[in-house]
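Colleague: Quick one: the structure is below, questions incoming.
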Amino acid sequence: MKRLYRFVWNSSTVLLSVTYETLETSLYWCIYVLKVTHNILYSMVKTLKPEEDAYGQEIWAYYQGRDISEVVERDDGYVDPSVSGPKIYFSEYEEWAPYQRLAMDSVKGRVLDVGCGAGRHSLFLQEKGFDVHGIDNSPLAVKVSKLRGLKIAKVISIEDINFKPNSFDAIIMMGNNFGLFGSYEKARKLLRKFHEMTSKKGLIIAETVDPYKTDNPDHLEYHQHNKERGRMGGQVRIRIRFRKYVGRWFDYLMVSKGEMKKILKGTGWKVRDFIDSENAQYIAIIEKTS
Ligand SMILES: C[S@@+](CC[C@H](N)C(=O)[O-])C[C@H]1O[C@@H](n2cnc3c(N)ncnc32)[C@H](O)[C@@H]1O
């Protein structure tokens, strides 16, 4: 009886330990497979598929010499077919508005061009001898900027920016690209990241539009609706359409000067100067507080 008891006890112990080890190994592999799947799905979601790169297709078509226009669709159904369209993204320094040319005087050192598009600002600065790094989430826009001569241009979305500390002396967000901050919370998170990536005297040179300088009733109604649902008035949800291509919906943030100052508060940045245009657009030269 004693022997039988010992046998059962020993067998159960062995069985239990084997089961435990099998469970542990299975769990390890399950977690590993989940992690890998998550990474693959995550990168697929963040990277634009060719059919979603409507902006890039538009830039590519213009680069190929086709006369086209840009269509921006807002989530309330408002459609804005811009006449100037992609032409402006290829414009030369001499064609820029005076306030845009003036902003270039503040650029210094190693430059990161966020949402570089076809590369008009990067190319101008590269020509001037600056060490420029362009990034954009549109693979075709990056391709065009490189074909036009930009030495360093990469497909990176603003959300994925992850450069080492002290990588740049100036970050430029031209062509209303303060908008790429998307929302109040996302702006503050990215501003802190930009703080780390830049040198002690680093600058952000960002262009935007004061959304409230309008009498268009559709825009005014949209701002009001935005505020009612807890968004910033000028946080527009838009997508680009070009022929059969339809871009992803994304939030583009337009802010008044007061709103910009509020966003910057506590992020390590403050406005040094505003450069005004003749209309609602303006550029902020943003410097570090610490
Ligand atoms: C209005 S265009 C301005 C382009 C360029 N800065 C200029 O002024 O000619 C906006 C640019 O931001 C890019 N973009 C949009 N969403 C982005 C994101 N999440 N990350 C990086 N770039 C983005 C677009 O592909 C496009 O090139």
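Residue numbering restarts at 1 in every chain; chains get A, B, ... in the order shown in the structure tokens, and ligands count up from 1 in that same order.
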Quick one: residues within 7 Å of ligand 1, with only C-alpha atoms and all ligand atoms, as a list in words?
Modeller: Tyr55, Gly56, Ile88, Tyr89, Phe90, Val114, Gly115, Cys116, Gly117, Ala118, Gly119, Arg120, His121, Ile135, Asp136, Asn137, Ser138, Ala141, Ile156, Ser157, Ile158, Glu159, Met173, Met174, Gly175, Asn176, Asn177 and Leu180 of chain A
Colleague: With a cut-off of 12 Å, could you pull out the residues of range 55-126 of chain A touching range 266-285 of chain A and give me the nearest pair of atoms for each, distance in Å to one decimal, using only C-alpha atoms, ordered by chain and ascending number, as a tab-separated table?
Modeller:
residue	atom	partner	partner_atom	distance
A:Trp96	CA	A:Ser277	CA	11.3
A:Ala97	CA	A:Ser277	CA	7.8
A:Pro98	CA	A:Ser277	CA	7.8
A:Tyr99	CA	A:Ser277	CA	5.7
A:Gln100	CA	A:Ile283	CA	7.5
A:Arg101	CA	A:Ile275	CA	10.3
A:Leu102	CA	A:Ile275	CA	8.0
A:Ala103	CA	A:Ile283	CA	7.2
A:Met104	CA	A:Ile285	CA	10.2
A:Asp105	CA	A:Ile285	CA	10.6
A:Ser106	CA	A:Ile285	CA	7.7
A:Val107	CA	A:Ile285	CA	9.5
Colleague: Please identify the helix (DSSP H, G or I) residues within range 8-225 of chain A (assignment by DSSP from backbone atoms) and present them as a PyMOL selection string.
Modeller: chain A and resi 8-46+50-52+54-63+85-90+93-95+98-106+120-127+139-147+158-160+177-181+184-197+217-225
Colleague: Could you write out that same residue set with C-alpha atoms as an mmCIF file, in the first residue's frame?
Modeller:
data_model
loop_
_atom_site.group_PDB
_atom_site.id
_atom_site.type_symbol
_atom_site.label_atom_id
_atom_site.label_comp_id
_atom_site.auth_asym_id
_atom_site.auth_seq_id
_atom_site.Cartn_x
_atom_site.Cartn_y
_atom_site.Cartn_z
ATOM 1 C CA VAL A 8 0.959 7.701 -7.196
ATOM 2 C CA TRP A 9 2.582 10.615 -5.384
ATOM 3 C CA ASN A 10 5.732 10.521 -7.553
ATOM 4 C CA SER A 11 3.767 10.179 -10.784
ATOM 5 C CA SER A 12 1.507 13.081 -9.860
ATOM 6 C CA THR A 13 4.492 15.268 -9.057
ATOM 7 C CA VAL A 14 6.153 14.447 -12.375
ATOM 8 C CA LEU A 15 2.891 14.956 -14.257
ATOM 9 C CA LEU A 16 2.282 18.267 -12.524
ATOM 10 C CA SER A 17 5.771 19.567 -13.244
ATOM 11 C CA VAL A 18 5.555 18.463 -16.915
ATOM 12 C CA THR A 19 2.142 20.128 -17.237
ATOM 13 C CA TYR A 20 3.479 23.286 -15.603
ATOM 14 C CA GLU A 21 6.489 23.411 -17.943
ATOM 15 C CA THR A 22 4.298 22.771 -20.992
ATOM 16 C CA LEU A 23 1.927 25.496 -19.882
ATOM 17 C CA GLU A 24 4.806 27.899 -19.273
ATOM 18 C CA THR A 25 6.323 27.186 -22.705
ATOM 19 C CA SER A 26 2.929 27.492 -24.422
ATOM 20 C CA LEU A 27 2.258 30.764 -22.636
ATOM 21 C CA TYR A 28 5.691 32.092 -23.637
ATOM 22 C CA TRP A 29 5.039 31.226 -27.291
ATOM 23 C CA CYS A 30 1.524 32.635 -27.182
ATOM 24 C CA ILE A 31 2.870 35.965 -25.873
ATOM 25 C CA TYR A 32 5.658 35.927 -28.463
ATOM 26 C CA VAL A 33 3.211 35.282 -31.351
ATOM 27 C CA LEU A 34 0.865 37.985 -30.019
ATOM 28 C CA LYS A 35 3.742 40.479 -29.818
ATOM 29 C CA VAL A 36 4.934 39.738 -33.366
ATOM 30 C CA THR A 37 1.368 39.943 -34.756
ATOM 31 C CA HIS A 38 0.820 43.208 -32.894
ATOM 32 C CA ASN A 39 4.024 44.705 -34.371
ATOM 33 C CA ILE A 40 3.119 43.599 -37.898
ATOM 34 C CA LEU A 41 -0.452 44.930 -37.636
ATOM 35 C CA TYR A 42 0.778 48.157 -36.022
ATOM 36 C CA SER A 43 3.283 48.875 -38.793
ATOM 37 C CA MET A 44 0.637 48.037 -41.420
ATOM 38 C CA VAL A 45 -1.808 50.486 -39.869
ATOM 39 C CA LYS A 46 0.758 53.298 -39.608
ATOM 40 C CA PRO A 50 -0.336 52.744 -52.029
ATOM 41 C CA GLU A 51 -4.079 53.215 -52.634
ATOM 42 C CA GLU A 52 -4.290 55.439 -49.515
ATOM 43 C CA ALA A 54 -3.800 60.217 -52.313
ATOM 44 C CA TYR A 55 -1.550 63.160 -51.433
ATOM 45 C CA GLY A 56 1.496 61.365 -52.828
ATOM 46 C CA GLN A 57 -0.389 60.466 -56.021
ATOM 47 C CA GLU A 58 -1.285 64.110 -56.447
ATOM 48 C CA ILE A 59 2.343 65.160 -55.946
ATOM 49 C CA TRP A 60 3.535 62.420 -58.291
ATOM 50 C CA ALA A 61 1.039 63.434 -61.022
ATOM 51 C CA TYR A 62 2.113 67.066 -60.780
ATOM 52 C CA TYR A 63 5.773 66.064 -60.867
ATOM 53 C CA GLY A 85 -3.305 72.792 -55.613
ATOM 54 C CA PRO A 86 -0.020 70.942 -55.765
ATOM 55 C CA LYS A 87 1.651 73.793 -57.697
ATOM 56 C CA ILE A 88 2.312 75.551 -54.405
ATOM 57 C CA TYR A 89 4.179 72.500 -53.026
ATOM 58 C CA PHE A 90 6.690 72.880 -55.867
ATOM 59 C CA TYR A 93 11.683 80.611 -52.631
ATOM 60 C CA GLU A 94 11.099 83.679 -54.836
ATOM 61 C CA GLU A 95 7.421 82.720 -55.190
ATOM 62 C CA PRO A 98 7.256 87.570 -47.732
ATOM 63 C CA TYR A 99 6.377 86.211 -44.251
ATOM 64 C CA GLN A 100 7.373 82.685 -45.367
ATOM 65 C CA ARG A 101 10.685 83.916 -46.751
ATOM 66 C CA LEU A 102 11.335 85.866 -43.548
ATOM 67 C CA ALA A 103 10.807 82.731 -41.437
ATOM 68 C CA MET A 104 13.687 81.018 -43.243
ATOM 69 C CA ASP A 105 16.084 83.581 -41.728
ATOM 70 C CA SER A 106 15.587 81.964 -38.301
ATOM 71 C CA ARG A 120 10.437 72.786 -51.349
ATOM 72 C CA HIS A 121 11.726 74.086 -47.991
ATOM 73 C CA SER A 122 14.258 71.300 -47.481
ATOM 74 C CA LEU A 123 15.674 71.800 -50.971
ATOM 75 C CA PHE A 124 16.010 75.540 -50.447
ATOM 76 C CA LEU A 125 17.797 75.016 -47.119
ATOM 77 C CA GLN A 126 19.980 72.207 -48.461
ATOM 78 C CA GLU A 127 21.059 74.533 -51.266
ATOM 79 C CA PRO A 139 5.940 57.312 -49.664
ATOM 80 C CA LEU A 140 5.323 58.982 -53.036
ATOM 81 C CA ALA A 141 5.963 62.490 -51.719
ATOM 82 C CA VAL A 142 9.260 61.268 -50.239
ATOM 83 C CA LYS A 143 10.132 59.654 -53.573
ATOM 84 C CA VAL A 144 9.451 62.945 -55.388
ATOM 85 C CA SER A 145 11.484 64.981 -52.887
ATOM 86 C CA LYS A 146 14.421 62.625 -53.441
ATOM 87 C CA LEU A 147 14.063 62.745 -57.230
ATOM 88 C CA ILE A 158 5.044 62.405 -37.089
ATOM 89 C CA GLU A 159 3.671 59.990 -34.469
ATOM 90 C CA ASP A 160 6.674 57.689 -34.985
ATOM 91 C CA ASN A 177 2.157 71.810 -40.762
ATOM 92 C CA PHE A 178 1.638 72.873 -37.153
ATOM 93 C CA GLY A 179 -1.580 71.099 -38.137
ATOM 94 C CA LEU A 180 0.193 67.726 -38.028
ATOM 95 C CA PHE A 181 0.136 67.982 -34.225
ATOM 96 C CA TYR A 184 -4.202 69.523 -28.030
ATOM 97 C CA GLU A 185 -3.010 66.350 -26.249
ATOM 98 C CA LYS A 186 -1.012 64.971 -29.168
ATOM 99 C CA ALA A 187 0.636 68.374 -29.725
ATOM 100 C CA ARG A 188 1.827 68.525 -26.124
ATOM 101 C CA LYS A 189 3.142 64.965 -26.231
ATOM 102 C CA LEU A 190 5.038 65.587 -29.481
ATOM 103 C CA LEU A 191 6.354 68.959 -28.299
ATOM 104 C CA ARG A 192 7.981 67.214 -25.338
ATOM 105 C CA LYS A 193 9.523 64.690 -27.712
ATOM 106 C CA PHE A 194 10.760 67.533 -29.973
ATOM 107 C CA HIS A 195 12.292 69.146 -26.886
ATOM 108 C CA GLU A 196 14.428 66.061 -26.287
ATOM 109 C CA MET A 197 15.457 65.722 -29.934
ATOM 110 C CA PRO A 217 -20.783 80.054 -42.006
ATOM 111 C CA ASP A 218 -19.828 76.409 -42.694
ATOM 112 C CA HIS A 219 -16.475 76.904 -40.954
ATOM 113 C CA LEU A 220 -18.022 78.818 -38.037
ATOM 114 C CA GLU A 221 -20.604 76.068 -37.557
ATOM 115 C CA TYR A 222 -17.848 73.421 -37.693
ATOM 116 C CA HIS A 223 -15.801 75.223 -34.999
ATOM 117 C CA GLN A 224 -18.862 75.410 -32.771
ATOM 118 C CA HIS A 225 -19.669 71.725 -33.294
#
Colleague: Rounded to one decimal in Å, what is the spacing between CA of Lys200 in chain A and CA of Lys262 in chain A?
Modeller: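 It comes out at 22.0 Å.
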Colleague: How far is it from CA of Lys227 in chain A to CA of Ile240 in chain A, in Å with one decimal?
Modeller: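 Atom-to-atom, CA of Lys227 in chain A and CA of Ile240 in chain A are spaced 23.6 Å apart.
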Colleague: Separation of CA of Phe163 in chain A and CA of Leu112 in chain A, in Å?
Modeller: 10.1 Å
Colleague: Tell me, which residues of range 45-268 of chain A carry DSSP strand (DSSP E), written as JSON, numbers by chain?
Modeller: {"A": [70, 71, 72, 73, 74, 79, 80, 81, 82, 110, 111, 112, 113, 114, 131, 132, 133, 134, 135, 136, 153, 154, 155, 168, 169, 170, 171, 172, 173, 198, 199, 200, 201, 202, 203, 204, 205, 206, 207, 208, 209, 235, 236, 237, 238, 239, 240, 241, 242, 245, 246, 250, 251, 252, 253]}
Colleague: Keeping only C-alpha atoms, write those residues as a PDB file, in the first residue's frame.
Modeller:
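See selection20.pdb below for the written result:
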ATOM      1  CA  GLU A  70      -6.107  69.181 -54.845  1.00  0.00           C
ATOM      2  CA  VAL A  71      -9.341  68.117 -53.145  1.00  0.00           C
ATOM      3  CA  VAL A  72      -9.618  68.224 -49.359  1.00  0.00           C
ATOM      4  CA  GLU A  73     -12.745  66.673 -47.813  1.00  0.00           C
ATOM      5  CA  ARG A  74     -13.806  67.493 -44.250  1.00  0.00           C
ATOM      6  CA  VAL A  79     -15.201  69.884 -49.872  1.00  0.00           C
ATOM      7  CA  ASP A  80     -12.454  72.345 -50.711  1.00  0.00           C
ATOM      8  CA  PRO A  81     -11.039  71.975 -54.213  1.00  0.00           C
ATOM      9  CA  SER A  82      -7.935  74.144 -54.104  1.00  0.00           C
ATOM     10  CA  ARG A 110      20.731  70.684 -38.405  1.00  0.00           C
ATOM     11  CA  VAL A 111      17.171  70.853 -39.670  1.00  0.00           C
ATOM     12  CA  LEU A 112      14.248  68.431 -39.500  1.00  0.00           C
ATOM     13  CA  ASP A 113      11.469  69.184 -42.016  1.00  0.00           C
ATOM     14  CA  VAL A 114       8.304  67.544 -40.671  1.00  0.00           C
ATOM     15  CA  ASP A 131      22.151  69.757 -43.040  1.00  0.00           C
ATOM     16  CA  VAL A 132      18.507  68.842 -43.752  1.00  0.00           C
ATOM     17  CA  HIS A 133      16.499  65.766 -42.947  1.00  0.00           C
ATOM     18  CA  GLY A 134      13.005  65.493 -44.465  1.00  0.00           C
ATOM     19  CA  ILE A 135      10.295  63.170 -43.196  1.00  0.00           C
ATOM     20  CA  ASP A 136       6.778  62.530 -44.464  1.00  0.00           C
ATOM     21  CA  ALA A 153      14.209  62.015 -46.878  1.00  0.00           C
ATOM     22  CA  LYS A 154      12.452  59.203 -45.080  1.00  0.00           C
ATOM     23  CA  VAL A 155       8.949  57.808 -44.801  1.00  0.00           C
ATOM     24  CA  PHE A 168      18.510  68.871 -34.581  1.00  0.00           C
ATOM     25  CA  ASP A 169      18.831  72.620 -34.083  1.00  0.00           C
ATOM     26  CA  ALA A 170      15.636  73.523 -35.908  1.00  0.00           C
ATOM     27  CA  ILE A 171      12.407  71.718 -36.695  1.00  0.00           C
ATOM     28  CA  ILE A 172      10.359  73.252 -39.484  1.00  0.00           C
ATOM     29  CA  MET A 173       6.634  72.636 -39.939  1.00  0.00           C
ATOM     30  CA  THR A 198      16.737  69.279 -30.241  1.00  0.00           C
ATOM     31  CA  SER A 199      19.810  71.134 -29.026  1.00  0.00           C
ATOM     32  CA  LYS A 200      19.762  73.516 -26.059  1.00  0.00           C
ATOM     33  CA  LYS A 201      18.935  76.516 -28.253  1.00  0.00           C
ATOM     34  CA  GLY A 202      16.691  74.511 -30.558  1.00  0.00           C
ATOM     35  CA  LEU A 203      13.815  76.142 -32.433  1.00  0.00           C
ATOM     36  CA  ILE A 204      10.533  75.088 -33.992  1.00  0.00           C
ATOM     37  CA  ILE A 205       9.394  77.143 -36.958  1.00  0.00           C
ATOM     38  CA  ALA A 206       5.746  76.342 -37.540  1.00  0.00           C
ATOM     39  CA  GLU A 207       3.124  77.706 -39.895  1.00  0.00           C
ATOM     40  CA  THR A 208      -0.598  77.602 -39.209  1.00  0.00           C
ATOM     41  CA  VAL A 209      -3.901  79.361 -39.889  1.00  0.00           C
ATOM     42  CA  GLN A 235      -9.251  70.658 -35.161  1.00  0.00           C
ATOM     43  CA  VAL A 236     -10.448  69.633 -38.589  1.00  0.00           C
ATOM     44  CA  ARG A 237     -10.899  65.999 -39.523  1.00  0.00           C
ATOM     45  CA  ILE A 238      -9.984  65.761 -43.182  1.00  0.00           C
ATOM     46  CA  ARG A 239      -8.843  63.464 -45.941  1.00  0.00           C
ATOM     47  CA  ILE A 240      -7.308  64.054 -49.352  1.00  0.00           C
ATOM     48  CA  ARG A 241      -8.959  62.741 -52.493  1.00  0.00           C
ATOM     49  CA  PHE A 242      -7.247  62.456 -55.821  1.00  0.00           C
ATOM     50  CA  TYR A 245      -7.310  57.524 -54.461  1.00  0.00           C
ATOM     51  CA  VAL A 246      -8.753  58.309 -51.056  1.00  0.00           C
ATOM     52  CA  PHE A 250      -6.739  62.493 -39.975  1.00  0.00           C
ATOM     53  CA  ASP A 251      -6.946  65.440 -37.577  1.00  0.00           C
ATOM     54  CA  TYR A 252      -5.278  68.645 -38.725  1.00  0.00           C
ATOM     55  CA  LEU A 253      -5.016  71.334 -36.054  1.00  0.00           C
TER      56      LEU A 253
END
